[in-house]
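Source file: final_36.txt; contents: compact mmCIF, C-alpha atoms.
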# COMPACT_ATOMS: atom_id res chain seq x y z
CA MET R 1 116.47 43.01 191.02
CA ASN R 2 114.85 44.25 187.80
CA THR R 3 117.76 46.44 186.65
CA PHE R 4 120.64 45.50 184.33
CA GLY R 5 123.82 47.37 183.49
CA ASP R 6 126.56 49.57 184.91
CA TYR R 7 126.92 52.61 182.64
CA LEU R 8 123.62 51.99 180.86
CA LYS R 9 120.95 50.87 183.31
CA VAL R 10 117.77 49.23 182.04
CA THR R 11 114.89 48.67 184.46
CA ILE R 12 111.84 46.63 183.44
CA PHE R 13 108.59 46.54 185.39
CA GLY R 14 104.98 45.35 185.23
CA GLU R 15 102.93 42.15 185.08
CA SER R 16 101.41 40.28 182.16
CA HIS R 17 97.79 41.03 183.09
CA GLY R 18 98.25 44.34 184.90
CA PRO R 19 97.36 47.70 183.33
CA GLY R 20 100.69 47.89 181.55
CA ILE R 21 104.39 47.14 181.49
CA GLY R 22 107.32 49.48 181.05
CA ALA R 23 111.02 50.22 180.83
CA VAL R 24 113.39 52.90 182.05
CA VAL R 25 116.69 53.33 180.18
CA ASP R 26 119.11 55.45 182.20
CA GLY R 27 122.54 56.51 180.96
CA LEU R 28 121.84 57.08 177.27
CA PRO R 29 124.09 59.80 175.86
CA ALA R 30 122.30 63.09 175.28
CA GLY R 31 121.77 64.25 171.71
CA GLU R 32 121.13 60.81 170.16
CA ALA R 33 118.39 60.94 167.49
CA ILE R 34 115.89 58.12 168.00
CA ASP R 35 113.60 57.06 165.16
CA LEU R 36 110.42 55.83 166.87
CA ASP R 37 109.15 54.31 163.62
CA ALA R 38 112.25 52.10 163.58
CA VAL R 39 111.53 51.22 167.22
CA ARG R 40 107.98 50.23 166.23
CA VAL R 41 109.36 47.93 163.54
CA GLN R 42 111.29 46.02 166.20
CA MET R 43 108.25 45.94 168.47
CA ARG R 44 106.11 44.42 165.72
CA ARG R 45 108.68 41.66 165.14
CA ARG R 46 108.15 40.49 168.71
CA ALA R 47 104.45 41.31 169.08
CA PRO R 48 101.92 38.48 169.57
CA GLY R 49 99.16 37.68 167.09
CA SER R 50 101.31 38.26 164.01
CA SER R 51 101.79 34.68 162.82
CA GLU R 52 100.32 31.19 162.87
CA LEU R 53 103.56 30.20 164.61
CA ALA R 54 102.84 32.42 167.62
CA THR R 55 100.23 33.05 170.30
CA GLN R 56 97.10 34.81 169.08
CA ARG R 57 97.02 37.30 171.95
CA VAL R 58 96.80 40.70 170.25
CA GLU R 59 98.77 43.63 171.67
CA THR R 60 99.70 46.79 169.77
CA ASP R 61 102.85 47.29 171.87
CA GLU R 62 102.83 51.02 171.13
CA PRO R 63 105.41 52.66 173.43
CA HIS R 64 104.16 55.76 175.25
CA ILE R 65 107.20 57.89 176.00
CA LEU R 66 107.09 59.56 179.41
CA SER R 67 110.52 61.21 179.55
CA GLY R 68 114.02 61.32 178.11
CA LEU R 69 113.10 62.16 174.50
CA TYR R 70 112.39 65.65 173.16
CA ASN R 71 111.92 66.48 169.48
CA GLY R 72 113.13 62.96 168.68
CA VAL R 73 116.44 63.38 170.50
CA THR R 74 117.61 61.93 173.83
CA THR R 75 117.84 64.54 176.55
CA GLY R 76 120.24 62.78 178.91
CA SER R 77 117.54 62.13 181.49
CA PRO R 78 116.13 58.60 181.92
CA LEU R 79 114.15 57.43 178.88
CA ALA R 80 110.92 55.97 180.25
CA ALA R 81 108.12 54.27 178.32
CA ILE R 82 105.02 52.23 179.12
CA LEU R 83 103.14 49.69 177.01
CA GLN R 84 99.49 49.08 177.79
CA ASN R 85 98.08 45.57 178.19
CA ARG R 86 94.85 45.41 176.18
CA ASP R 87 94.13 41.74 175.43
CA ALA R 88 94.65 39.82 178.67
CA ARG R 89 92.31 36.92 179.49
CA SER R 90 92.80 36.36 183.19
CA LYS R 91 89.98 33.79 183.37
CA ASP R 92 92.25 31.33 181.53
CA TYR R 93 94.67 31.22 184.48
CA HIS R 94 94.45 29.51 187.87
CA PRO R 95 97.90 29.93 189.47
CA GLU R 96 96.93 27.75 192.45
CA ILE R 97 97.09 24.83 189.99
CA ALA R 98 100.86 24.90 189.53
CA ARG R 99 101.73 24.56 185.84
CA PRO R 100 104.74 22.23 185.36
CA SER R 101 107.99 24.10 184.54
CA HIS R 102 106.35 27.49 185.19
CA ALA R 103 107.08 29.79 188.12
CA ASP R 104 103.68 29.22 189.77
CA TYR R 105 105.00 26.96 192.54
CA THR R 106 108.36 28.63 193.14
CA ALA R 107 106.84 32.13 193.15
CA ALA R 108 104.13 31.01 195.58
CA VAL R 109 106.85 29.80 197.96
CA LYS R 110 109.12 32.82 197.47
CA PHE R 111 106.42 35.49 197.79
CA HIS R 112 104.06 33.69 200.19
CA GLY R 113 101.15 33.67 197.76
CA SER R 114 101.11 37.46 197.25
CA MET R 115 102.43 37.58 193.67
CA ASP R 116 100.07 38.42 190.78
CA LEU R 117 100.62 35.36 188.60
CA ARG R 118 97.84 35.91 186.07
CA GLY R 119 99.43 35.07 182.73
CA SER R 120 102.64 34.32 184.70
CA GLY R 121 102.74 37.89 186.04
CA PRO R 122 106.29 39.32 186.06
CA PHE R 123 107.67 35.96 184.88
CA SER R 124 105.80 36.20 181.58
CA GLY R 125 107.41 36.56 178.18
CA ARG R 126 105.10 39.57 177.88
CA LEU R 127 107.76 41.65 179.61
CA THR R 128 110.24 40.98 176.83
CA ALA R 129 108.37 43.69 174.90
CA CYS R 130 110.04 46.15 177.28
CA MET R 131 113.44 44.65 176.52
CA VAL R 132 112.80 45.00 172.79
CA PHE R 133 111.88 48.66 173.29
CA ALA R 134 115.09 49.35 175.22
CA GLY R 135 117.17 47.32 172.77
CA ALA R 136 115.62 49.04 169.74
CA VAL R 137 116.80 52.37 171.14
CA CYS R 138 120.26 50.98 171.96
CA ARG R 139 120.76 49.47 168.50
CA GLN R 140 120.21 52.90 166.91
CA VAL R 141 122.94 54.35 169.13
CA LEU R 142 125.18 51.38 168.27
CA SER R 143 124.49 51.71 164.55
CA ARG R 144 126.00 55.19 164.55
CA ARG R 145 129.08 53.62 166.10
CA GLY R 146 129.34 51.01 163.37
CA VAL R 147 127.81 48.08 165.26
CA THR R 148 125.14 45.83 163.72
CA ILE R 149 123.33 42.98 165.50
CA THR R 150 121.47 40.13 163.80
CA ALA R 151 119.91 36.96 165.24
CA ASN R 152 118.19 33.96 163.74
CA ALA R 153 117.03 30.46 164.56
CA VAL R 154 119.59 27.74 163.84
CA ARG R 155 117.66 24.80 165.33
CA VAL R 156 114.01 23.97 166.03
CA GLY R 157 113.55 20.47 167.40
CA GLY R 158 115.42 18.21 164.98
CA ALA R 159 115.53 20.74 162.12
CA THR R 160 118.59 22.92 161.57
CA GLY R 161 119.62 25.76 159.29
CA LYS R 162 120.90 29.32 159.21
CA GLU R 163 117.43 30.84 159.45
CA LEU R 164 113.83 29.87 160.20
CA ASN R 165 113.33 27.55 157.23
CA PHE R 166 110.44 25.35 156.08
CA GLU R 167 111.55 22.33 158.12
CA MET R 168 111.75 24.41 161.29
CA LYS R 169 108.31 25.90 160.67
CA ARG R 170 106.94 22.39 160.08
CA GLU R 171 108.36 21.28 163.46
CA ILE R 172 106.48 24.14 165.12
CA LEU R 173 103.20 23.50 163.32
CA ASP R 174 103.39 19.75 164.02
CA ALA R 175 103.97 20.42 167.71
CA ARG R 176 101.02 22.82 167.82
CA ALA R 177 98.75 20.30 166.07
CA ALA R 178 99.69 17.71 168.69
CA GLY R 179 98.88 20.09 171.54
CA ASP R 180 102.57 20.16 172.35
CA SER R 181 105.57 22.48 171.97
CA VAL R 182 109.16 22.31 170.73
CA GLY R 183 112.54 23.73 171.75
CA SER R 184 114.98 25.81 169.72
CA VAL R 185 118.45 27.36 169.45
CA LEU R 186 119.01 30.97 168.36
CA GLU R 187 122.29 32.54 167.24
CA CYS R 188 123.17 36.23 167.42
CA VAL R 189 126.09 37.93 165.68
CA ALA R 190 127.26 41.44 166.62
CA GLU R 191 129.65 42.96 164.08
CA GLY R 192 131.68 46.15 164.26
CA ILE R 193 132.53 46.05 167.96
CA PRO R 194 136.11 47.29 168.27
CA ALA R 195 138.76 45.32 170.10
CA GLY R 196 139.19 46.18 173.78
CA VAL R 197 135.56 46.35 174.93
CA GLY R 198 134.68 44.44 178.09
CA GLY R 199 136.50 43.84 181.33
CA LEU R 200 137.72 41.54 184.03
CA MET R 201 135.78 38.89 185.93
CA PHE R 202 132.11 39.91 186.25
CA GLY R 203 132.63 42.77 183.78
CA GLY R 204 133.62 40.45 180.95
CA MET R 205 131.53 40.36 177.78
CA GLU R 206 130.47 36.75 178.29
CA SER R 207 129.39 37.56 181.86
CA ARG R 208 127.35 40.59 180.80
CA ILE R 209 125.68 38.98 177.81
CA ALA R 210 124.94 35.68 179.53
CA GLN R 211 123.35 37.53 182.45
CA ILE R 212 120.90 39.46 180.29
CA LEU R 213 120.11 36.52 178.00
CA TYR R 214 119.10 34.41 181.00
CA VAL R 215 116.49 37.06 181.82
CA ILE R 216 114.57 35.95 178.71
CA PRO R 217 111.98 33.37 179.83
CA GLY R 218 112.76 29.88 178.59
CA VAL R 219 116.52 30.30 178.04
CA LYS R 220 118.34 27.25 179.43
CA GLY R 221 121.75 27.45 177.79
CA VAL R 222 124.18 30.09 176.49
CA GLU R 223 127.42 29.55 174.58
CA PHE R 224 129.94 31.73 172.74
CA GLY R 225 131.79 30.86 169.55
CA LEU R 226 131.97 27.08 169.25
CA GLY R 227 130.80 26.88 172.86
CA PHE R 228 130.38 23.30 174.07
CA GLY R 229 131.87 22.13 170.77
CA LEU R 230 135.27 23.28 172.02
CA ALA R 231 135.21 20.45 174.56
CA GLU R 232 135.68 17.99 171.70
CA LEU R 233 138.78 19.70 170.25
CA ARG R 234 142.48 20.00 170.95
CA GLY R 235 143.99 23.41 171.49
CA SER R 236 145.82 23.22 168.18
CA VAL R 237 142.43 23.17 166.44
CA ALA R 238 140.39 25.31 168.84
CA ASN R 239 142.78 28.28 169.04
CA ASP R 240 142.25 31.28 166.74
CA PRO R 241 145.64 32.19 165.15
CA PHE R 242 146.40 35.91 164.84
CA ARG R 243 147.28 37.54 161.52
CA ILE R 244 147.95 41.05 160.20
CA VAL R 245 145.54 42.19 157.47
CA ASP R 246 145.75 45.75 156.15
CA GLY R 247 147.75 46.75 159.19
CA LYS R 248 145.23 45.37 161.66
CA VAL R 249 145.37 42.36 163.96
CA VAL R 250 142.69 39.81 163.01
CA CYS R 251 141.94 36.20 163.87
CA GLU R 252 142.26 33.53 161.20
CA THR R 253 139.27 31.70 162.72
CA ASN R 254 136.62 32.76 165.23
CA ASN R 255 136.12 29.75 167.47
CA ALA R 256 136.15 32.00 170.56
CA GLY R 257 133.26 34.05 169.21
CA GLY R 258 135.10 37.37 169.19
CA ILE R 259 136.00 37.41 172.90
CA ASN R 260 139.27 36.64 174.68
CA GLY R 261 139.52 37.00 178.45
CA GLY R 262 136.13 38.70 178.58
CA ILE R 263 137.33 41.42 176.17
CA THR R 264 136.36 41.78 172.50
CA ASN R 265 139.12 41.06 169.96
CA GLY R 266 137.54 42.84 166.97
CA MET R 267 136.08 39.72 165.35
CA PRO R 268 132.30 39.25 165.14
CA LEU R 269 130.82 38.48 168.54
CA VAL R 270 128.91 35.19 168.22
CA VAL R 271 126.55 33.91 170.92
CA ARG R 272 123.87 31.22 170.94
CA MET R 273 121.07 30.46 173.38
CA ALA R 274 119.07 27.27 173.83
CA MET R 275 115.36 27.70 174.59
CA ARG R 276 113.25 25.00 176.18
CA PRO R 277 109.91 23.94 174.69
CA THR R 278 107.14 26.27 175.82
CA PRO R 279 105.88 24.75 179.11
CA SER R 280 102.24 25.72 178.44
CA ILE R 281 100.86 22.78 176.46
CA ALA R 282 97.38 21.35 175.88
CA LEU R 283 98.41 17.80 176.73
CA GLU R 284 97.45 16.52 180.18
CA GLN R 285 100.20 16.88 182.79
CA GLN R 286 100.55 15.83 186.41
CA THR R 287 100.66 18.66 188.96
CA VAL R 288 99.49 19.84 192.39
CA ASP R 289 96.66 22.10 193.55
CA LEU R 290 98.51 24.38 195.97
CA SER R 291 95.25 25.50 197.65
CA THR R 292 94.38 21.94 198.71
CA MET R 293 97.83 20.32 198.50
CA GLN R 294 96.33 17.52 196.45
CA GLU R 295 97.74 15.96 193.29
CA THR R 296 95.71 16.68 190.17
CA ALA R 297 95.84 16.63 186.37
CA LEU R 298 96.06 19.76 184.24
CA ARG R 299 95.54 20.76 180.63
CA VAL R 300 96.81 24.31 180.14
CA SER R 301 94.26 26.51 178.38
CA GLY R 302 94.76 29.99 176.96
CA ARG R 303 96.86 31.28 174.07
CA HIS R 304 100.50 30.22 173.93
CA ASP R 305 103.44 30.00 171.55
CA PRO R 306 104.16 26.43 170.40
CA CYS R 307 107.81 27.47 170.07
CA LEU R 308 109.64 30.40 171.66
CA ALA R 309 112.03 30.91 168.74
CA THR R 310 109.97 33.03 166.36
CA ARG R 311 109.27 35.91 168.74
CA ALA R 312 112.51 35.52 170.72
CA ILE R 313 114.74 36.48 167.78
CA PRO R 314 114.22 40.27 168.20
CA VAL R 315 114.38 39.81 171.98
CA MET R 316 117.83 38.23 171.71
CA GLU R 317 119.02 41.04 169.44
CA ALA R 318 117.71 43.59 171.93
CA ALA R 319 119.37 41.92 174.89
CA VAL R 320 122.74 41.77 173.14
CA ALA R 321 122.37 45.42 172.04
CA ILE R 322 121.78 46.53 175.64
CA ALA R 323 124.79 44.59 176.95
CA VAL R 324 127.10 45.75 174.16
CA LEU R 325 126.14 49.43 174.49
CA ASP R 326 126.62 49.25 178.27
CA ALA R 327 130.13 47.86 177.75
CA MET R 328 130.99 50.36 174.99
CA LEU R 329 129.86 53.31 177.12
CA GLU R 330 132.04 51.99 179.92
CA SER R 331 134.99 51.65 177.55
CA ALA R 332 134.48 55.20 176.26
CA ALA R 333 134.28 56.59 179.80
CA LEU R 334 137.42 54.77 180.94
CA ASN R 335 139.31 55.98 177.87
CA GLY R 336 138.06 59.55 178.22
CA VAL R 337 136.15 59.47 174.94
Do you think you could lay out the structure here as C-alpha cells?
Amino acid sequence: MNTFGDYLKVTIFGESHGPGIGAVVDGLPAGEAIDLDAVRVQMRRRAPGSSELATQRVETDEPHILSGLYNGVTTGSPLAAILQNRDARSKDYHPEIARPSHADYTAAVKFHGSMDLRGSGPFSGRLTACMVFAGAVCRQVLSRRGVTITANAVRVGGATGKELNFEMKREILDARAAGDSVGSVLECVAEGIPAGVGGLMFGGMESRIAQILYVIPGVKGVEFGLGFGLAELRGSVANDPFRIVDGKVVCETNNAGGINGGITNGMPLVVRMAMRPTPSIALEQQTVDLSTMQETALRVSGRHDPCLATRAIPVMEAAVAIAVLDAMLESAALNGV
C-alpha cells in the first residue's frame, strides 16, 4: 500500500525516472491557509544538486497543485500535487545487474520482472520529495496549533554532535573521495503537542511514527527517548518522575521521549532514526546478473548521495509532521473539537 494515515491520509505515487511523482493529502481541514513559498523552502532543503554533500541530479521540485487549494486556502477536498522528473539518466541503470542492498533483486522476484526499476523506480529516495511536500503542508497546520518540528544529524560515521558539524561533513567527503558511503543517525524533536494525543496498540504514537519513518529509504532503526539506551538502566534511573509546574503536570526528565503507553504526555516528542550507508557506491561489489543467473562484479555508476543524512533531515521532519497531524486530528474528532 502507498497510503498512510487514518484521519489524514497521504498517498504517494510515481517512479524515479517516470514523467513525474506526486502526492494526495486527504483529510486536511478546510479553511487552512497554505503558504506555497514556505512549502518551496522545505522542498529546496531536500532537493538534489544543492550541495557537494549530495547527488548532483538537478530537479526543481516545483509542486503543481491539481486540487484542494483555492486562493491559497484548503478547500476540504483532497490536496493533490505532482512534481515533474526533468533530470533522469536512465542509461546509468541496468536493473538486471542486481545492486547489493538495493531492491533490484527482491522487486524482480515480487513483481516478476515487470517493475520499472530505472533509478530504483518506486523504491527511490526521489519519492521522498512527495513526502516533504505533504509534510510541509502539515507543518503549517500544526504551527497554528502550537506544534514545531525540528530535526538534525547527531551522528555521521564516527562523528557526533547536535547538528551537521565540520567533522560530520568531513566523514561524508572522505567517503565520497574513496568511492564509498557512510551511515548516519538523525534526531527529530516535536514540541507543543498536548498530552493525550495517540491511542492504543497500533494507534499509539510510536507505532504511527515508526511506520512512516520506515517508509524513508535507508532507515534501519527507530528509537524514542533514550531508546536502546534504556536497556542499560534500572527503572529508578530510567523512569521520568512527575511534577507540578505552574499548575500543570510535567516530567522531571524525558527519557521516554514524550510518550507513555503510546499517548503523548506533553513533553517534547523525541525520536531518532538510523540510516544505513547509501548502497550505491563506486567500489567494486559482488553481485548476480539476473538475466543470465551468473555471478558478476559491479561498480555502480550514476549520481548518488555519499550519505543520506543531509537530504533526509527535512524528510524526517515531514514524516513526523504527517504522523502527528493525523493523530491530532483523530484526537480532535474523538473529543468533538
So how many Å separate atom CA of R:Leu269 and atom CA of R:Thr128, to one decimal?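 One can read the atom CA of R:Leu269 to atom CA of R:Thr128 distance as 22.3 Å.
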I want to know what sits within 10 Å of R:Asn2, based on all atoms listed in the file, with residues of the same chain fewer than 6 positions away left out; could you give that as a ChimeraX atom specification? /R:10-13,23,215
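Pairwise distance (atom CA of R:Ala231, atom CA of R:Ala256) equals 12.3 Å.
The nearest approach to R:Pro95 among the residues R:Leu186, R:Ile172, R:Met115, R:Val320, with all atoms listed in the file taken into account, belongs to R:Met115.
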Can you pull out every residue within 8 Å of R:Cys188, counting only C-alpha atoms, but drop anything in the same chain fewer than 2 positions away, and send it as a list in words? Ile149, Thr150, Ala151, Asn152, Leu186, Ala190, Val270, Val271, Arg272, Met316, Glu317 and Val320 of chain R
Can you write out the residues you just picked, keeping C-alpha atoms, as a compact mmCIF listing (two decimals), in the frame of the given file?
# COMPACT_ATOMS: atom_id res chain seq x y z
CA ILE R 149 123.33 42.98 165.50
CA THR R 150 121.47 40.13 163.80
CA ALA R 151 119.91 36.96 165.24
CA ASN R 152 118.19 33.96 163.74
CA LEU R 186 119.01 30.97 168.36
CA ALA R 190 127.26 41.44 166.62
CA VAL R 270 128.91 35.19 168.22
CA VAL R 271 126.55 33.91 170.92
CA ARG R 272 123.87 31.22 170.94
CA MET R 316 117.83 38.23 171.71
CA GLU R 317 119.02 41.04 169.44
CA VAL R 320 122.74 41.77 173.14
Please, which residues are within 10 Å of (100.8, 37.6, 186.3) by the file's coordinates, counting all atoms listed in the file, and could they come as a ChimeraX atom specification? /R:14-18,90,93,95,104,115-124,126
Which stretch 216-306 of chain R residues have any atom within 12 Å of an atom of stretch 157-167 of chain R, and for each, what is the nearest pair of atoms with distance in Å to one decimal, counting all atoms listed in the file, rows sorted by chain and number, as a tab-separated table?
residue	atom	partner	partner_atom	distance
R:Ala274	CA	R:Gly157	CA	10.9
R:Met275	CA	R:Gly157	CA	10.4
R:Arg276	CA	R:Gly157	CA	9.9
R:Pro277	CA	R:Gly157	CA	8.9
R:Pro306	CA	R:Gly157	CA	11.5
Compile a residue-level contact table for stretch 141-235 of chain R against stretch 283-294 of chain R at a cut-off of 12 Å, reporting for every qualifying residue the shortest atom pair and its distance in Å to one decimal, with only C-alpha atoms counted, rows ordered by chain and ascending number, as CSV.
residue,atom,partner,partner_atom,distance
R:Ala175,CA,R:Leu283,CA,10.9
R:Arg176,CA,R:Leu283,CA,10.6
R:Ala177,CA,R:Leu283,CA,11.0
R:Ala178,CA,R:Leu283,CA,8.1
R:Gly179,CA,R:Leu283,CA,5.7
R:Asp180,CA,R:Leu283,CA,6.5
R:Ser181,CA,R:Leu283,CA,9.8
Excluding R:Ala238 and its own-chain neighbours fewer than 5 positions away, which residues fall within 12 Å of it when counting only C-alpha atoms? Please give them as number ranges by chain. R: 225-233, 252-257
Separation of atom CA of R:Gly203 from atom CA of R:Arg234, in Å and rounded to one decimal: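 Going from atom CA of R:Gly203 over to atom CA of R:Arg234, I get 27.9 Å.
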May I have the residues within 9 Å of R:Glu330 as a PyMOL selection string, using only C-alpha atoms and disregarding those fewer than 6 positions away in the same chain? chain R and resi 6-8+197-198
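Distance annotation: of R:Val132, R:Ile193, R:Leu173, R:Val324, the residue with the minimal separation from R:Glu206 is R:Val324; atom set is only C-alpha atoms.
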Pull the neighbourhood of (119.5, 48.9, 169.9) for me: all residues within 10 Å in file coordinates, counting all atoms listed in the file, as a list in words. Val39, Gln42, Met131, Val132, Phe133, Ala134, Gly135, Ala136, Val137, Cys138, Arg139, Gln140, Val141, Leu142, Ser143, Val147, Thr148, Ile149, Glu317, Ala318, Ala319, Val320, Ala321, Ile322, Ala323, Val324 and Leu325 of chain R
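For R:Gly266, the residues within 8 Å (counting all atoms listed in the file, excluding itself and residues fewer than 5 positions away along the chain) are R:Gly192, R:Ile193, R:Pro194, R:Ala195, R:Gly196, R:Val250, R:Gly258.
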Taking all atoms listed in the file into account, which of R:His304, R:Pro314, R:Ile97, R:His102 comes nearest R:Val41?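 Among the listed residues, R:Pro314 lies closest to R:Val41.
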Reconstruct all heavy atoms of stretch 265-274 of chain R from the incomplete input and present them as a tab-separated table (two decimals), keeping the file's coordinate frame.
chain	number	residue	atom	x	y	z
R	265	ASN	N	137.87	41.04	170.72
R	265	ASN	CA	139.12	41.06	169.96
R	265	ASN	C	138.95	41.65	168.57
R	265	ASN	O	139.88	41.60	167.76
R	265	ASN	CB	139.71	39.65	169.88
R	265	ASN	CG	138.79	38.64	169.19
R	265	ASN	OD1	137.91	39.02	168.42
R	265	ASN	ND2	139.01	37.36	169.45
R	266	GLY	N	137.77	42.20	168.27
R	266	GLY	CA	137.54	42.84	166.97
R	266	GLY	C	136.86	41.95	165.96
R	266	GLY	O	136.40	42.43	164.92
R	267	MET	N	136.80	40.64	166.23
R	267	MET	CA	136.08	39.72	165.35
R	267	MET	C	134.59	39.78	165.68
R	267	MET	O	134.20	40.29	166.74
R	267	MET	CB	136.62	38.30	165.54
R	267	MET	CG	138.09	38.14	165.17
R	267	MET	SD	138.39	38.38	163.40
R	267	MET	CE	137.71	36.83	162.76
R	268	PRO	N	133.73	39.26	164.81
R	268	PRO	CA	132.30	39.25	165.14
R	268	PRO	C	132.05	38.52	166.45
R	268	PRO	O	132.60	37.44	166.70
R	268	PRO	CB	131.69	38.49	163.95
R	268	PRO	CG	132.63	38.75	162.82
R	268	PRO	CD	133.99	38.77	163.43
R	269	LEU	N	131.20	39.11	167.28
R	269	LEU	CA	130.82	38.48	168.54
R	269	LEU	C	129.67	37.51	168.24
R	269	LEU	O	128.64	37.92	167.72
R	269	LEU	CB	130.40	39.54	169.55
R	269	LEU	CG	130.22	39.12	171.01
R	269	LEU	CD1	130.31	40.34	171.93
R	269	LEU	CD2	128.88	38.43	171.23
R	270	VAL	N	129.89	36.23	168.55
R	270	VAL	CA	128.91	35.19	168.22
R	270	VAL	C	128.44	34.51	169.50
R	270	VAL	O	129.25	33.98	170.27
R	270	VAL	CB	129.51	34.13	167.27
R	270	VAL	CG1	128.46	33.08	166.92
R	270	VAL	CG2	130.06	34.80	166.01
R	271	VAL	N	127.12	34.53	169.72
R	271	VAL	CA	126.55	33.91	170.92
R	271	VAL	C	125.29	33.16	170.53
R	271	VAL	O	124.55	33.58	169.64
R	271	VAL	CB	126.24	34.97	172.01
R	271	VAL	CG1	125.31	36.05	171.51
R	271	VAL	CG2	125.67	34.31	173.27
R	272	ARG	N	125.08	32.01	171.16
R	272	ARG	CA	123.87	31.22	170.94
R	272	ARG	C	123.16	30.98	172.27
R	272	ARG	O	123.80	30.90	173.31
R	272	ARG	CB	124.20	29.87	170.28
R	272	ARG	CG	124.47	29.96	168.80
R	272	ARG	CD	124.87	28.63	168.22
R	272	ARG	NE	126.18	28.21	168.75
R	272	ARG	CZ	127.34	28.62	168.27
R	272	ARG	NH1	127.38	29.46	167.26
R	272	ARG	NH2	128.45	28.20	168.81
R	273	MET	N	121.84	30.83	172.19
R	273	MET	CA	121.07	30.46	173.38
R	273	MET	C	120.09	29.34	173.05
R	273	MET	O	119.48	29.33	171.98
R	273	MET	CB	120.34	31.67	173.97
R	273	MET	CG	119.24	32.27	173.14
R	273	MET	SD	118.54	33.74	173.96
R	273	MET	CE	117.06	34.00	172.94
R	274	ALA	N	119.99	28.39	173.97
R	274	ALA	CA	119.07	27.27	173.83
R	274	ALA	C	117.80	27.59	174.61
R	274	ALA	O	117.86	28.01	175.78
R	274	ALA	CB	119.69	25.99	174.37
